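Below: the structure, in structure tokens.
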Amino acid sequence: MTKYIVIAGGVISGVGKGITTSSIGKILKEYGYSVTAVKIDPYLNYDAGTLRPTEHGEVWVTADGGEIDQDLGNYERFLNIDIPKSNNITTGQIYKAVIDKERKGEFLGKTVQFIPHIPEEIITRVKHASKGYDFTLVEIGGTIGDFENLPFLFAMKRLEREIGKENIIYVLVSYLPVPSHMGEMKTKPTQQAIRMLSETGIIPDFIICRSRNPLDDVRKKKIETYANISSEYVISEPDIDTIYRIPLDLEKENFGLKILSEFRMKLKKKPDFKEWQQLVDSIAAPKNKIKVAMVGKYVDIGNFNLKDSYISVNESLLHAGASLGIGIQIEWIDAKKLEKGVNVGEMLKDYDGLIIPGGFGSSGVEGKINAIRYARENDLPFLGLCYGLQLAVVEFARNVCSMKGANTTENDKKTEYPVIDILPTQKAILEKNDYGGTMRLGAYAAKLKKDTKVYGLYNEIGRLKEDKEKIEKLAKDKSQKFRLGKLTDNNDLVLERHRHRYEVTPKFIDKIAEKGLVFSGCHIREDDTKLMEFIELPKHKYFLATQGHPEFKSSLGKPSPLFYGFVKAAIGKLPKYRELR
Ligand code: GLN
């Protein structure tokens, strides 16, 4: 039977529940158990697809095409597993499902009520996500005391009644402030959060104490005395240099073993955190570093932290750097600053590599194209992601293939050379099948050309083998099979996630390829239409782009092949690594 670990947050939002949840998962996985995670978002939106990225950070895309809260991204980055979209439960989904059932007459004339129907729907979904796993982590969004998350806490308590307390534990991630005028860590808000949680009938089994500093024994005892929770179960989780250190820190407190003992379970395998520790050390104290220019659309963001709109790209660079033992310094450059009248070379000359991440709309497009041209002409390692690929094709068409004014129709509807366009047949297919409106969303298989850089990198990282297994599984899944397209065989295929509308226009492909741009992989639709997935320039140090979003498939210890190649190329650019300042 699956064991459940419910994680809720107290005192303040942004306390680090997601990372704590991911870290617990990492520990249990290292102990030899299979783990999945569910994120509950108490907002009314059906999913995160329509949320403002400036408020919620980047949208995470799942393999099965969900547009989801970033927390699922954290779970995948720590656990290296594909988490389906149904593992993100929102209040909107729950109510919609219950009302839809009522409309269909499924309740047979009964009064449909908050209790029992809402908790029942929640439990059904959590159980569905748990099938086949030893452990399910259920992270409840929001903070204890919010009205919004009460139904979910109630549902968890009811789940406990169904499955027995021996199969479920509760973890409260709390925050202990250190007010500057006192310099002393205060436990009172945590005591109150525990009391508030207990009003729902839930007494937490563990308290994770987030704070600036480690928790001392005096504070642990205080929580024990005032909240009646043994200090053994009060776990310290101080601020640290990198989020990936948290599993290691929690292990120092024997948290994993304490969880197992709560469930009367034993280690299934001896944990080995050596490799993880090395990667963490490499992130925390790199001996050398490279400097990466990330040219994106940062206007309109105001005070919002720029980093958050590209979290997955940042993390993917970090993972690649950790595997190669090099630090990454990312600088975010507003694409608009690279438009007309500036010396792009002057702006980019100090960087070891250029990334053009995904984007929408026409703002800053010419600046991005200028940056790509500079990278292409100056052998500067370049990685284009989604819009990055599209704009690299535009740049090449304009400046190498003499297609004056070539463009994506997203930026210029009247261009003579619409090298990137919405393919009418593609739009029709997506709409007809309701694969998520007009966006190509989620994982799609791409057939790679041998003897390309892309092929070499996917092979080196072991993804050709890994993705082959996933493809075989997908082929058996009726609702997801369309992601494979037309397959002649199961070889040389990779899966990457997508989130876009536009494609390389088929009629221009041969002309562009003639001039030396290699299309190194494509998705082959059932009607034989080829959707271009990868491009590269063979003679360039690293000029590579993809229509997919490889940043959604990168975890610590298993970097994305394209990021890995990019960082490797950027290191090679320097005769000597850049010294740390
Ligand atoms: N705007 C482009 C499209 O819709 C690229 C999207 C992206 O970069 N995610 O196709």
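Simple scheme: letters A, B, ... for chains in structure tokens order, numbers from 1 for residues in each chain, numbers from 1 for ligands in the order shown.
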
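For ligand 1, the neighbouring protein, DNA and RNA residues, which are those within 6 Å when only C-alpha atoms and all ligand atoms are counted, are Gly358, Gly359, Phe360, Cys386, Tyr387, Arg499, His500, Arg501 and Tyr502 of chain A.
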
Generate the output file for the selected residues, N, CA, C and O atoms, as a compact mmCIF listing (two decimals), in the first residue's frame.
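What ended up in part-v9.txt:
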```txt
# COMPACT_ATOMS: atom_id res chain seq x y z
N GLY A 358 12.77 30.73 -24.89
CA GLY A 358 11.45 30.82 -25.51
C GLY A 358 10.83 32.19 -25.31
O GLY A 358 11.24 32.96 -24.43
N GLY A 359 9.88 32.53 -26.15
CA GLY A 359 9.23 33.82 -26.01
C GLY A 359 8.04 33.94 -26.94
O GLY A 359 7.83 33.10 -27.81
N PHE A 360 7.26 34.97 -26.74
CA PHE A 360 6.08 35.21 -27.55
C PHE A 360 6.03 36.67 -27.96
O PHE A 360 6.53 37.53 -27.23
N CYS A 386 13.12 27.02 -28.65
CA CYS A 386 11.81 27.32 -29.18
C CYS A 386 11.82 28.59 -30.04
O CYS A 386 12.21 28.53 -31.20
N TYR A 387 11.44 29.73 -29.48
CA TYR A 387 11.53 30.97 -30.26
C TYR A 387 12.98 31.16 -30.72
O TYR A 387 13.24 31.71 -31.78
N ARG A 499 5.87 23.87 -26.35
CA ARG A 499 4.84 24.84 -25.98
C ARG A 499 4.90 25.99 -26.98
O ARG A 499 5.54 27.00 -26.74
N HIS A 500 4.31 25.77 -28.13
CA HIS A 500 4.39 26.80 -29.18
C HIS A 500 3.33 26.57 -30.24
O HIS A 500 2.69 25.52 -30.29
N ARG A 501 3.17 27.57 -31.10
CA ARG A 501 2.19 27.48 -32.18
C ARG A 501 2.84 27.43 -33.56
O ARG A 501 2.34 26.81 -34.46
N TYR A 502 3.96 28.13 -33.68
CA TYR A 502 4.56 28.30 -35.01
C TYR A 502 5.56 27.17 -35.29
O TYR A 502 6.09 26.56 -34.37
```

Per-residue nearest contacts region 264-375 of chain A to region 77-84 of chain A, cut-off 10 Å, using only C-alpha atoms, as a tab-separated table:
```
residue	atom	partner	partner_atom	distance
A:Ser312	CA	A:Arg77	CA	9.0
A:Glu315	CA	A:Arg77	CA	8.4
A:Ser316	CA	A:Arg77	CA	8.9
A:His319	CA	A:Arg77	CA	9.2
```

With DSSP run on the backbone, what are the strand (DSSP E or B) residues within region 96-283 of chain A? I'd like them as a PyMOL selection string. chain A and resi 135-140+168-176+206-211+234-238

Kindly save the residues from that selection, with N, CA and C atoms included, as an mmCIF file, in the first residue's frame.
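Now in again_12.cif:
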```
data_model
loop_
_atom_site.group_PDB
_atom_site.id
_atom_site.type_symbol
_atom_site.label_atom_id
_atom_site.label_comp_id
_atom_site.auth_asym_id
_atom_site.auth_seq_id
_atom_site.Cartn_x
_atom_site.Cartn_y
_atom_site.Cartn_z
ATOM 1 N N PHE A 135 5.620 5.670 -2.186
ATOM 2 C CA PHE A 135 5.317 6.905 -1.452
ATOM 3 C C PHE A 135 4.685 7.953 -2.360
ATOM 4 N N THR A 136 3.690 8.643 -1.836
ATOM 5 C CA THR A 136 3.173 9.827 -2.524
ATOM 6 C C THR A 136 3.347 11.021 -1.597
ATOM 7 N N LEU A 137 3.998 12.032 -2.126
ATOM 8 C CA LEU A 137 4.136 13.272 -1.357
ATOM 9 C C LEU A 137 3.017 14.194 -1.813
ATOM 10 N N VAL A 138 2.264 14.721 -0.874
ATOM 11 C CA VAL A 138 1.172 15.629 -1.244
ATOM 12 C C VAL A 138 1.495 17.001 -0.665
ATOM 13 N N GLU A 139 1.843 17.933 -1.537
ATOM 14 C CA GLU A 139 2.162 19.276 -1.055
ATOM 15 C C GLU A 139 0.924 20.157 -1.160
ATOM 16 N N ILE A 140 0.519 20.694 -0.023
ATOM 17 C CA ILE A 140 -0.658 21.561 0.000
ATOM 18 C C ILE A 140 -0.194 23.009 -0.156
ATOM 19 N N ILE A 168 -0.061 7.324 6.801
ATOM 20 C CA ILE A 168 0.019 8.738 6.397
ATOM 21 C C ILE A 168 0.713 9.542 7.499
ATOM 22 N N ILE A 169 1.601 10.437 7.084
ATOM 23 C CA ILE A 169 2.175 11.349 8.073
ATOM 24 C C ILE A 169 2.063 12.794 7.559
ATOM 25 N N TYR A 170 2.163 13.713 8.501
ATOM 26 C CA TYR A 170 2.021 15.141 8.166
ATOM 27 C C TYR A 170 3.306 15.885 8.527
ATOM 28 N N VAL A 171 3.722 16.725 7.606
ATOM 29 C CA VAL A 171 4.932 17.518 7.833
ATOM 30 C C VAL A 171 4.544 18.987 7.710
ATOM 31 N N LEU A 172 4.847 19.749 8.732
ATOM 32 C CA LEU A 172 4.582 21.186 8.653
ATOM 33 C C LEU A 172 5.911 21.906 8.427
ATOM 34 N N VAL A 173 5.984 22.615 7.316
ATOM 35 C CA VAL A 173 7.197 23.405 7.052
ATOM 36 C C VAL A 173 6.907 24.815 7.558
ATOM 37 N N SER A 174 7.651 25.202 8.575
ATOM 38 C CA SER A 174 7.354 26.470 9.225
ATOM 39 C C SER A 174 8.520 27.443 9.094
ATOM 40 N N TYR A 175 8.277 28.673 9.517
ATOM 41 C CA TYR A 175 9.332 29.669 9.410
ATOM 42 C C TYR A 175 9.590 30.314 10.765
ATOM 43 N N LEU A 176 10.851 30.390 11.136
ATOM 44 C CA LEU A 176 11.198 31.019 12.415
ATOM 45 C C LEU A 176 11.943 32.319 12.153
ATOM 46 N N PHE A 206 5.945 15.907 11.973
ATOM 47 C CA PHE A 206 7.251 16.571 11.906
ATOM 48 C C PHE A 206 7.071 18.068 11.690
ATOM 49 N N ILE A 207 7.959 18.824 12.309
ATOM 50 C CA ILE A 207 8.001 20.261 12.023
ATOM 51 C C ILE A 207 9.353 20.537 11.380
ATOM 52 N N ILE A 208 9.314 21.061 10.176
ATOM 53 C CA ILE A 208 10.572 21.469 9.532
ATOM 54 C C ILE A 208 10.710 22.957 9.793
ATOM 55 N N CYS A 209 11.802 23.315 10.403
ATOM 56 C CA CYS A 209 11.963 24.716 10.794
ATOM 57 C C CYS A 209 12.890 25.441 9.845
ATOM 58 N N ARG A 210 12.294 26.218 8.974
ATOM 59 C CA ARG A 210 13.079 27.030 8.063
ATOM 60 C C ARG A 210 13.464 28.306 8.794
ATOM 61 N N SER A 211 14.715 28.681 8.634
ATOM 62 C CA SER A 211 15.160 29.927 9.257
ATOM 63 C C SER A 211 16.495 30.351 8.658
ATOM 64 N N VAL A 234 11.442 17.658 15.473
ATOM 65 C CA VAL A 234 11.596 19.048 15.042
ATOM 66 C C VAL A 234 12.917 19.117 14.262
ATOM 67 N N ILE A 235 12.798 19.392 12.976
ATOM 68 C CA ILE A 235 13.954 19.286 12.083
ATOM 69 C C ILE A 235 14.373 20.678 11.621
ATOM 70 N N SER A 236 15.677 20.910 11.690
ATOM 71 C CA SER A 236 16.189 22.222 11.303
ATOM 72 C C SER A 236 16.511 22.270 9.809
ATOM 73 N N GLU A 237 16.071 23.349 9.168
ATOM 74 C CA GLU A 237 16.409 23.508 7.742
ATOM 75 C C GLU A 237 16.780 24.974 7.486
ATOM 76 N N PRO A 238 18.037 25.315 7.804
ATOM 77 C CA PRO A 238 18.451 26.723 7.658
ATOM 78 C C PRO A 238 18.655 27.119 6.196
#
```
